[in-house]
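Undergrad: Please see the structure below; I have some questions.
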Amino acid sequence: MSFTPITAQLELLAELEMARMPVAVIANRLGVDLATFKAWTARLDASRDFEEPPPSSAKIMRKPLVERA
């Protein structure tokens with residue numbers, strides 16, 4: 001079974017993710033079986049080409065908002 005969420009399901013998904021609900025509960029509330037939901041999220045993860053930025057070793061120096069004399 002393929003899963004293509006509609007707008008209302010995406011909004012519900014966002015709310016449930018923010019509430020840190022378990023994956024099984026999220027799938028149940030969306031009306032999708034757990035295996036299909038996990039396959040859908042795996043496809044999302046695989047499609048991301050996110051690269052972690054290198055760790056910053058230099059201390060960030062902030063500029064003052066107002067120059068004082």
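Here's how to read the names in the structure tokens: chain A, B, ... by the order shown, residue numbers from 1 in each chain, ligand numbers from 1 in the order shown.
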Find the spatial neighbours of A:Thr36, counting only C-alpha atoms, within a cut-off of 10 Å - ignore same-chain residues fewer than 6 positions away - and output them as a ChimeraX atom specification.

TA: /A:1-3,27,42

Undergrad: Please, what distance in Å, to one decimal, runs between atom CA of A:Pro5 and atom CA of A:Ala24?

TA: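 Spanning atom CA of A:Pro5 to atom CA of A:Ala24 is a straight-line distance of 16.3 Å.
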
Undergrad: What's around A:Leu30 at 10 Å? Count only C-alpha atoms, leave out sequence neighbours fewer than 2 positions away in its own chain, and write the answer as a list in words.

TA: Pro5, Ala8, Gln9, Leu10, Leu12, Leu13, Leu16, Ala24, Val25, Ile26, Ala27, Asn28, Val32, Asp33 and Phe37 of chain A

Undergrad: Among stretch 3-65 of chain A, which residues carry a DSSP assignment of alpha helix (DSSP H), reported as a PyMOL selection string?

TA: chain A and resi 7-18+23-30+34-47

Undergrad: I'd like the interatomic distance between atom CA of A:Thr4 and atom CA of A:Glu17, to a tenth of an Å.

TA: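 Computed distance, atom CA of A:Thr4 to atom CA of A:Glu17, equals 17.5 Å.
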
Undergrad: Just the number, please: distance in Å from atom CA of A:Lys38 to atom CA of A:Glu15, one decimal.

TA: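 Atom CA of A:Glu15 lies 17.7 Å from atom CA of A:Lys38.
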